[in-house]
>>> print(open('query21.cif').read())   # mmCIF, C-alpha atoms
data_run
loop_
_atom_site.label_atom_id
_atom_site.label_comp_id
_atom_site.auth_asym_id
_atom_site.auth_seq_id
_atom_site.Cartn_x
_atom_site.Cartn_y
_atom_site.Cartn_z
CA MET A 1 157.24 99.36 69.69
CA ASN A 2 158.68 101.22 72.66
CA VAL A 3 157.90 104.74 73.77
CA ALA A 4 160.97 106.22 72.07
CA GLU A 5 159.99 104.65 68.75
CA LEU A 6 156.42 105.87 69.14
CA ARG A 7 157.57 109.39 69.96
CA LEU A 8 159.90 109.46 66.96
CA SER A 9 157.22 108.14 64.67
CA LEU A 10 154.64 110.68 65.87
CA SER A 11 157.08 113.56 65.68
CA HIS A 12 157.75 112.74 62.02
CA LEU A 13 154.11 112.05 61.23
CA LEU A 14 152.86 115.31 62.78
CA VAL A 15 155.78 117.52 61.86
CA THR A 16 153.57 120.05 60.07
CA GLU A 17 150.83 120.01 62.72
CA LEU A 18 152.76 120.22 65.99
CA GLY A 19 153.16 123.58 67.66
CA LYS A 20 156.23 124.61 69.59
CA TYR A 21 157.15 124.97 73.24
CA PRO A 22 158.73 128.21 74.45
CA ASN A 23 162.17 126.61 73.92
CA ASN A 24 161.27 126.37 70.21
CA HIS A 25 161.14 122.56 70.23
CA PRO A 26 158.15 120.76 68.71
CA SER A 27 155.47 120.29 71.35
CA ILE A 28 155.55 116.52 71.76
CA TRP A 29 156.15 115.15 75.25
CA VAL A 30 156.27 111.81 77.03
CA TYR A 31 154.51 112.14 80.37
CA GLY A 32 154.03 109.98 83.42
CA GLY A 33 157.39 110.61 85.01
CA SER A 34 158.35 113.55 87.17
CA SER A 35 159.32 115.94 84.39
CA GLN A 36 156.80 118.38 83.00
CA PRO A 37 156.59 119.85 79.49
CA PRO A 38 158.79 122.93 79.12
CA GLY A 39 155.89 125.37 79.09
CA ARG A 40 152.75 125.78 77.04
CA SER A 41 152.59 124.95 73.38
CA ASP A 42 151.68 127.66 70.89
CA GLY A 43 149.62 125.19 68.82
CA LEU A 44 148.99 121.47 68.73
CA GLU A 45 150.57 119.49 71.59
CA CYS A 46 151.05 115.72 71.57
CA LEU A 47 151.40 113.99 74.95
CA ILE A 48 152.38 110.32 75.07
CA ARG A 49 151.86 108.30 78.24
CA GLU A 50 155.21 106.86 79.27
CA HIS A 51 154.08 103.27 79.77
CA PRO A 52 151.56 101.33 77.70
CA GLU A 53 148.51 99.87 79.37
CA VAL A 54 148.96 96.12 79.52
CA ALA A 55 146.51 93.34 80.29
CA ALA A 56 148.35 90.03 80.13
CA ARG A 57 146.44 86.94 79.10
CA ALA A 58 147.62 83.37 79.07
CA SER A 59 148.17 81.81 75.69
CA SER A 60 149.19 78.41 74.46
CA GLY A 61 152.60 77.15 73.40
CA GLY A 62 154.59 78.71 76.20
CA GLN A 63 153.77 82.21 75.08
CA ARG A 64 151.78 84.99 76.61
CA TYR A 65 149.70 87.44 74.64
CA LYS A 66 149.92 91.00 75.91
CA PRO A 67 147.24 93.21 74.38
CA GLN A 68 148.97 96.47 75.25
CA LYS A 69 147.96 99.88 73.99
CA TRP A 70 149.50 103.32 73.95
CA GLU A 71 147.59 106.38 75.04
CA ILE A 72 148.28 109.67 73.36
CA LEU A 73 146.59 112.97 74.03
CA LEU A 74 146.39 115.70 71.41
CA ARG A 75 145.61 119.18 72.71
CA ASN A 76 145.05 122.23 70.63
CA TRP A 77 146.23 125.45 72.28
CA SER A 78 145.32 127.51 69.21
CA LYS A 79 142.22 127.98 67.08
CA SER A 80 143.67 126.08 64.12
CA SER A 81 142.07 123.01 62.53
CA LYS A 82 145.24 120.95 62.88
CA LEU A 83 143.83 118.60 65.50
CA SER A 84 141.40 116.98 63.07
CA ILE A 85 144.21 116.60 60.51
CA ALA A 86 146.40 115.01 63.17
CA ILE A 87 143.68 112.54 64.18
CA ALA A 88 143.27 111.46 60.54
CA LYS A 89 147.02 111.00 60.15
CA VAL A 90 147.31 108.93 63.32
CA GLU A 91 144.35 106.77 62.25
CA ASN A 92 145.99 106.11 58.89
CA ARG A 93 149.38 105.31 60.37
CA PHE A 94 148.51 103.26 63.48
CA PRO A 95 145.90 100.66 64.48
CA VAL A 96 143.72 102.97 66.55
CA GLN A 97 141.66 100.98 69.03
CA ARG A 98 139.43 103.91 69.91
CA TYR A 99 139.56 107.63 70.35
CA THR A 100 137.50 110.28 72.02
CA TYR A 101 137.21 113.87 70.90
CA LEU A 102 136.19 116.91 72.90
CA PRO A 103 135.63 120.19 71.04
CA ALA A 104 136.88 123.45 72.50
CA THR A 105 134.56 125.25 74.88
CA GLU A 106 134.66 128.72 76.34
CA ASN A 107 136.78 127.34 79.20
CA THR A 108 138.56 124.26 77.89
CA LEU A 109 140.84 123.34 74.99
CA GLU A 110 139.99 121.09 72.07
CA GLN A 111 141.48 117.63 72.63
CA ALA A 112 141.49 114.04 71.45
CA ARG A 113 142.56 111.00 73.44
CA ILE A 114 143.71 108.17 71.20
CA PHE A 115 144.50 104.56 72.07
CA ILE A 116 146.88 102.79 69.72
CA TYR A 117 146.73 99.01 69.73
CA ASP A 118 150.13 97.36 69.98
CA PRO A 119 149.78 93.70 71.03
CA ILE A 120 152.92 91.66 71.60
CA MET A 121 153.72 88.02 72.27
CA VAL A 122 156.31 87.18 74.90
CA ASN A 123 157.94 83.80 75.40
CA LEU A 124 157.62 82.35 78.87
CA MET B 1 117.39 58.59 53.92
CA VAL B 2 118.56 60.22 57.07
CA LYS B 3 116.22 62.75 58.51
CA LYS B 4 117.72 65.49 60.58
CA ASN B 5 115.84 67.69 62.94
CA TRP B 6 117.59 71.00 62.96
CA VAL B 7 117.10 73.23 65.93
CA LYS B 8 116.49 76.74 64.76
CA LEU B 9 118.48 78.94 67.06
CA ASP B 10 116.96 82.25 67.97
CA ILE B 11 119.96 84.47 67.36
CA PRO B 12 119.30 88.20 67.07
CA GLU B 13 120.81 89.64 63.91
CA LYS B 14 122.35 92.50 65.81
CA GLN B 15 122.21 93.80 69.36
CA VAL B 16 123.83 96.96 70.60
CA GLY B 17 124.18 98.01 74.22
CA VAL B 18 123.99 101.77 74.67
CA HIS B 19 125.35 103.13 77.94
CA THR B 20 124.76 106.81 78.56
CA TRP B 21 125.84 109.21 81.28
CA SER B 22 123.89 112.34 80.43
CA ALA B 23 125.22 114.63 83.17
CA GLU B 24 126.50 117.87 81.69
CA HIS B 25 130.02 117.37 83.04
CA ALA B 26 130.28 113.68 82.08
CA ALA B 27 132.49 114.11 79.01
CA ILE B 28 135.03 116.33 80.75
CA ALA B 29 135.07 114.12 83.86
CA HIS B 30 135.72 111.05 81.72
CA GLU B 31 138.23 112.50 79.29
CA GLY B 32 139.82 115.19 81.42
CA ALA B 33 140.50 118.63 80.03
CA MET B 34 142.89 121.53 80.06
CA SER B 35 141.35 124.88 80.88
CA THR B 36 142.24 127.85 78.71
CA THR B 37 144.07 129.23 81.74
CA GLY B 38 146.29 126.13 81.98
CA LYS B 39 144.59 124.32 84.85
CA GLU B 40 144.36 120.58 84.29
CA ILE B 41 141.30 118.48 85.03
CA PRO B 42 142.52 114.85 85.17
CA ALA B 43 140.70 112.18 83.20
CA ARG B 44 138.72 109.64 85.19
CA PRO B 45 137.66 107.17 82.50
CA TRP B 46 135.21 105.03 84.44
CA ALA B 47 133.56 103.67 81.29
CA GLY B 48 136.75 103.24 79.27
CA ASN B 49 138.47 101.39 82.09
CA ALA B 50 135.46 99.12 82.49
CA LEU B 51 135.79 98.19 78.81
CA ASP B 52 139.26 96.87 79.57
CA GLU B 53 138.39 95.27 82.89
CA TYR B 54 135.19 93.50 81.95
CA ASP B 55 135.36 90.01 80.47
CA PHE B 56 132.51 90.29 77.97
CA ALA B 57 132.97 86.81 76.52
CA ALA B 58 133.01 85.06 79.89
CA ARG B 59 129.93 86.91 81.12
CA TYR B 60 128.09 86.21 77.86
CA ALA B 61 128.85 82.49 78.09
CA GLU B 62 127.84 82.39 81.74
CA ALA B 63 124.59 84.22 81.05
CA PHE B 64 123.80 81.90 78.15
CA LYS B 65 124.19 78.90 80.43
CA GLU B 66 121.82 80.54 82.89
CA THR B 67 119.16 81.66 80.42
CA GLY B 68 119.55 79.47 77.33
CA SER B 69 118.87 82.55 75.26
CA PHE B 70 121.37 84.46 73.12
CA ARG B 71 119.17 87.52 73.36
CA ASP B 72 118.94 87.47 77.15
CA ALA B 73 122.62 86.60 77.49
CA PHE B 74 123.57 89.73 75.59
CA VAL B 75 121.34 91.86 77.77
CA ALA B 76 122.86 90.36 80.93
CA MET B 77 126.37 90.88 79.58
CA SER B 78 125.62 94.50 78.72
CA GLU B 79 124.04 95.12 82.12
CA GLY B 80 127.12 93.67 83.79
CA TYR B 81 129.35 96.10 81.97
CA GLY B 82 127.19 99.00 83.11
CA GLU B 83 127.31 97.81 86.71
CA LEU B 84 131.10 97.68 86.61
CA ALA B 85 131.29 101.16 85.12
CA GLN B 86 128.99 102.48 87.84
CA GLU B 87 131.18 100.82 90.48
CA ASN B 88 134.16 102.62 88.99
CA ILE B 89 132.39 105.92 89.65
CA SER B 90 131.76 105.01 93.28
CA ASP B 91 135.19 103.52 94.01
CA ARG B 92 137.96 105.65 95.48
CA ILE B 93 140.50 104.87 92.79
CA TRP B 94 141.04 108.16 90.96
CA ASP B 95 144.06 110.42 91.13
CA TRP B 96 143.59 114.11 91.64
CA PRO B 97 146.40 116.60 92.09
CA ARG B 98 144.82 118.85 94.74
CA ALA B 99 142.38 118.90 97.64
CA THR B 100 138.88 120.05 96.75
CA VAL B 101 135.83 121.18 98.69
CA ARG B 102 132.90 119.52 96.97
CA LYS B 103 129.44 120.98 96.57
CA ASN B 104 128.29 118.60 99.29
CA GLY B 105 130.84 120.14 101.67
CA GLU B 106 133.19 117.15 101.73
CA VAL B 107 136.92 117.90 101.48
CA VAL B 108 138.54 115.28 99.27
CA THR B 109 142.11 114.53 98.30
CA GLN B 110 143.20 111.39 96.49
CA PRO B 111 142.49 108.70 95.60
CA ARG B 112 138.89 109.76 95.31
CA ASP B 113 135.60 108.63 93.84
CA ILE B 114 133.65 110.63 91.25
CA VAL B 115 130.64 111.11 93.47
CA ASP B 116 129.89 114.64 94.61
CA THR B 117 126.18 115.28 94.44
CA GLY B 118 125.62 111.96 92.65
CA THR B 119 124.45 113.68 89.48
CA LEU B 120 126.88 111.80 87.27
CA ARG B 121 126.11 108.37 88.71
CA ASP B 122 122.37 109.02 88.65
CA SER B 123 122.45 110.20 85.05
CA TYR B 124 123.29 106.69 83.84
CA SER B 125 120.93 104.84 81.55
CA HIS B 126 121.23 101.62 79.59
CA GLU B 127 119.30 100.20 76.69
CA VAL B 128 119.80 97.36 74.27
CA LEU B 129 118.90 98.04 70.67
CA GLU B 130 118.10 95.29 68.26
CA GLY B 131 117.92 95.31 64.51
CA SER B 132 119.76 94.75 61.27
CA GLN B 133 121.48 98.15 61.03
#
>>> encode(input="query21.cif", output="structure tokens")
Amino acid sequence: MNVAELRLSLSHLLVTELGKYPNNHPSIWVYGGSSQPPGRSDGLECLIREHPEVAARASSGGQRYKPQKWEILLRNWSKSSKLSIAIAKVENRFPVQRYTYLPATENTLEQARIFIYDPIMVNL
Amino acid sequence: MVKKNWVKLDIPEKQVGVHTWSAEHAAIAHEGAMSTTGKEIPARPWAGNALDEYDFAARYAEAFKETGSFRDAFVAMSEGYGELAQENISDRIWDWPRATVRKNGEVVTQPRDIVDTGTLRDSYSHEVLEGSQ
């Protein structure tokens, strides 16, 4: 899975949960490069880190096992309950390694950081 | 008839290492947050990163060789993870988008540690639970 495939998959999966940016596009964004999201979302925002975290380990048979994982951050800019629905959907669709959830406070938004396990084998 | 003398290994049914940082700001410091006004607090996942960095199996095996006890090896392994996580708090490895004047008067940019007054680091505790649940 590459970042484009992950973005496409999440945008389909969360089509009814995602809010919109001021340009009226669904608020899903790949971050880590120089470009910033086109404004604040009006609801649920999904941020995908551009590159997976990779920890390469040697394996046998001329192959290398790369236990990479994708990090996505769900932020809720509204008071809706869509974040919990989105977490459940992501858990059902992807092998979630772990996730952390922070409820909204007086000063901060509700959010969940989710790590999706995506190991690959590469030939040496 | 062959008589075998089995060695009964003392293997705990279940052990759980619980690592806690009880400082009030620990969750937001670890996970990051977005303020309702749009100001971002970057995540500094000292404990999460340590999970990825720490070789639990290697440390467990090493500790078992040292102690000869599965129980003690688990405790040593769990303690080692906690030490690494605490080092991550003290190391200047964390990105931060702006200069800040800390409560202790220090002006910090990046990369920075997560030590201001030391409240977070000092709030750490570790225990190993044992049981069948």
>>> resolve_selection(input="query21.cif", expression="the PyMOL selection byres ((chain B) within 8 of (chain A))", output="VMD selection string")
chain B and resid 27 to 28 31 33 to 37
>>> atom_distance(input="query21.cif", atom1="CA of Trp46 (chain B)", atom2="CA of His25 (chain B)")
13.5 Å
>>> residues_around(input="query21.cif", residues="Glu87 (chain B)", least_positions_apart="2", cutoff="12 Å", atoms="only C-alpha atoms", output="list in words")
Trp46, Ala47, Asn49, Ala50, Glu53, Tyr54, Gly80, Tyr81, Gly82, Glu83, Leu84, Ala85, Ile89, Ser90, Asp91, Arg92, Ile93, Asp113, Ile114, Val115, Arg121 and Tyr124 of chain B
>>> write_last_selection(input="query21.cif", atoms="C-alpha atoms", output="mmCIF file, in the coordinates of the input")
data_model
loop_
_atom_site.group_PDB
_atom_site.id
_atom_site.type_symbol
_atom_site.label_atom_id
_atom_site.label_comp_id
_atom_site.auth_asym_id
_atom_site.auth_seq_id
_atom_site.Cartn_x
_atom_site.Cartn_y
_atom_site.Cartn_z
ATOM 1 C CA TRP B 46 135.210 105.030 84.440
ATOM 2 C CA ALA B 47 133.560 103.670 81.290
ATOM 3 C CA ASN B 49 138.470 101.390 82.090
ATOM 4 C CA ALA B 50 135.460 99.120 82.490
ATOM 5 C CA GLU B 53 138.390 95.270 82.890
ATOM 6 C CA TYR B 54 135.190 93.500 81.950
ATOM 7 C CA GLY B 80 127.120 93.670 83.790
ATOM 8 C CA TYR B 81 129.350 96.100 81.970
ATOM 9 C CA GLY B 82 127.190 99.000 83.110
ATOM 10 C CA GLU B 83 127.310 97.810 86.710
ATOM 11 C CA LEU B 84 131.100 97.680 86.610
ATOM 12 C CA ALA B 85 131.290 101.160 85.120
ATOM 13 C CA ILE B 89 132.390 105.920 89.650
ATOM 14 C CA SER B 90 131.760 105.010 93.280
ATOM 15 C CA ASP B 91 135.190 103.520 94.010
ATOM 16 C CA ARG B 92 137.960 105.650 95.480
ATOM 17 C CA ILE B 93 140.500 104.870 92.790
ATOM 18 C CA ASP B 113 135.600 108.630 93.840
ATOM 19 C CA ILE B 114 133.650 110.630 91.250
ATOM 20 C CA VAL B 115 130.640 111.110 93.470
ATOM 21 C CA ARG B 121 126.110 108.370 88.710
ATOM 22 C CA TYR B 124 123.290 106.690 83.840
#
>>> closest_residue(input="query21.cif", among="A:His51, A:Leu74, A:Pro37, A:Ile28", to="Ser9 (chain A)", atoms="all atoms listed in the file")
A:Ile28
>>> residues_near_point(input="query21.cif", point="(157.9, 120.3, 73.1)", cutoff="12 Å", atoms="only C-alpha atoms", output="ChimeraX atom specification")
/A:7,11,15,18-31,36-48
>>> residues_near_point(input="query21.cif", point="(146.0, 112.6, 92.4)", cutoff="12 Å", atoms="all atoms listed in the file", output="JSON, numbers by chain")
{"B": [40, 41, 42, 43, 44, 92, 93, 94, 95, 96, 97, 98, 99, 100, 108, 109, 110, 111, 112, 113]}
>>> atom_distance(input="query21.cif", atom1="CA of Arg71 (chain B)", atom2="CA of Lys4 (chain B)")
25.5 Å
>>> closest_residue(input="query21.cif", among="A:Arg49, A:Lys69, A:His12, A:Lys79", to="Gly32 (chain A)", atoms="only C-alpha atoms")
A:Arg49
>>> closest_residue(input="query21.cif", among="A:Leu10, A:Val96, A:Leu83, A:Ala88", to="Pro119 (chain A)", atoms="only C-alpha atoms")
A:Val96
>>> atom_distance(input="query21.cif", atom1="CA of His19 (chain B)", atom2="CA of Ser123 (chain B)")
10.4 Å
>>> residues_around(input="query21.cif", residues="Gln15 (chain B)", least_positions_apart="3", cutoff="7 Å", atoms="all atoms listed in the file", output="list in words")
Pro12, Val128, Leu129, Glu130 and Gly131 of chain B
>>> write_last_selection(input="query21.cif", atoms="C-alpha atoms", output="PDB file, keeping the file's coordinate frame")
ATOM      1  CA  PRO B  12     119.300  88.200  67.070  1.00  0.00           C
ATOM      2  CA  VAL B 128     119.800  97.360  74.270  1.00  0.00           C
ATOM      3  CA  LEU B 129     118.900  98.040  70.670  1.00  0.00           C
ATOM      4  CA  GLU B 130     118.100  95.290  68.260  1.00  0.00           C
ATOM      5  CA  GLY B 131     117.920  95.310  64.510  1.00  0.00           C
TER       6      GLY B 131
END
>>> resolve_selection(input="query21.cif", expression="the PyMOL selection byres ((chain A and resi 95) around 7)", output="JSON list (two decimals) with C-alpha atoms, keeping the file's coordinate frame")
[["chain", "number", "residue", "atom", "x", "y", "z"],
["A", 91, "GLU", "CA", 144.35, 106.77, 62.25],
["A", 94, "PHE", "CA", 148.51, 103.26, 63.48],
["A", 96, "VAL", "CA", 143.72, 102.97, 66.55],
["A", 97, "GLN", "CA", 141.66, 100.98, 69.03],
["A", 116, "ILE", "CA", 146.88, 102.79, 69.72],
["A", 117, "TYR", "CA", 146.73, 99.01, 69.73]]
>>> decode(input="query21.cif", residues="region 21-44 of chain B", atoms="C-alpha atoms", output="short mmCIF file (atom, residue, chain, number, x, y, z; two decimals), in the first residue's frame")
data_model
loop_
_atom_site.label_atom_id
_atom_site.label_comp_id
_atom_site.auth_asym_id
_atom_site.auth_seq_id
_atom_site.Cartn_x
_atom_site.Cartn_y
_atom_site.Cartn_z
CA TRP B 21 3.09 9.34 33.48
CA SER B 22 0.52 10.99 35.71
CA ALA B 23 1.37 14.63 34.99
CA GLU B 24 -1.73 16.55 33.98
CA HIS B 25 -0.31 17.53 30.59
CA ALA B 26 1.12 14.09 29.76
CA ALA B 27 -1.57 13.01 27.30
CA ILE B 28 -1.47 16.21 25.27
CA ALA B 29 2.34 16.29 25.29
CA HIS B 30 2.46 12.71 24.02
CA GLU B 31 -0.32 12.85 21.47
CA GLY B 32 -0.20 16.51 20.47
CA ALA B 33 -3.36 18.52 20.09
CA MET B 34 -5.04 21.24 18.12
CA SER B 35 -6.39 24.12 20.15
CA THR B 36 -9.89 25.36 19.42
CA THR B 37 -8.26 28.54 18.12
CA GLY B 38 -6.19 26.59 15.56
CA LYS B 39 -2.83 26.56 17.31
CA GLU B 40 -1.06 23.22 17.01
CA ILE B 41 0.76 21.47 19.83
CA PRO B 42 3.05 18.88 18.18
CA ALA B 43 3.03 15.31 19.42
CA ARG B 44 6.12 14.12 21.26
#
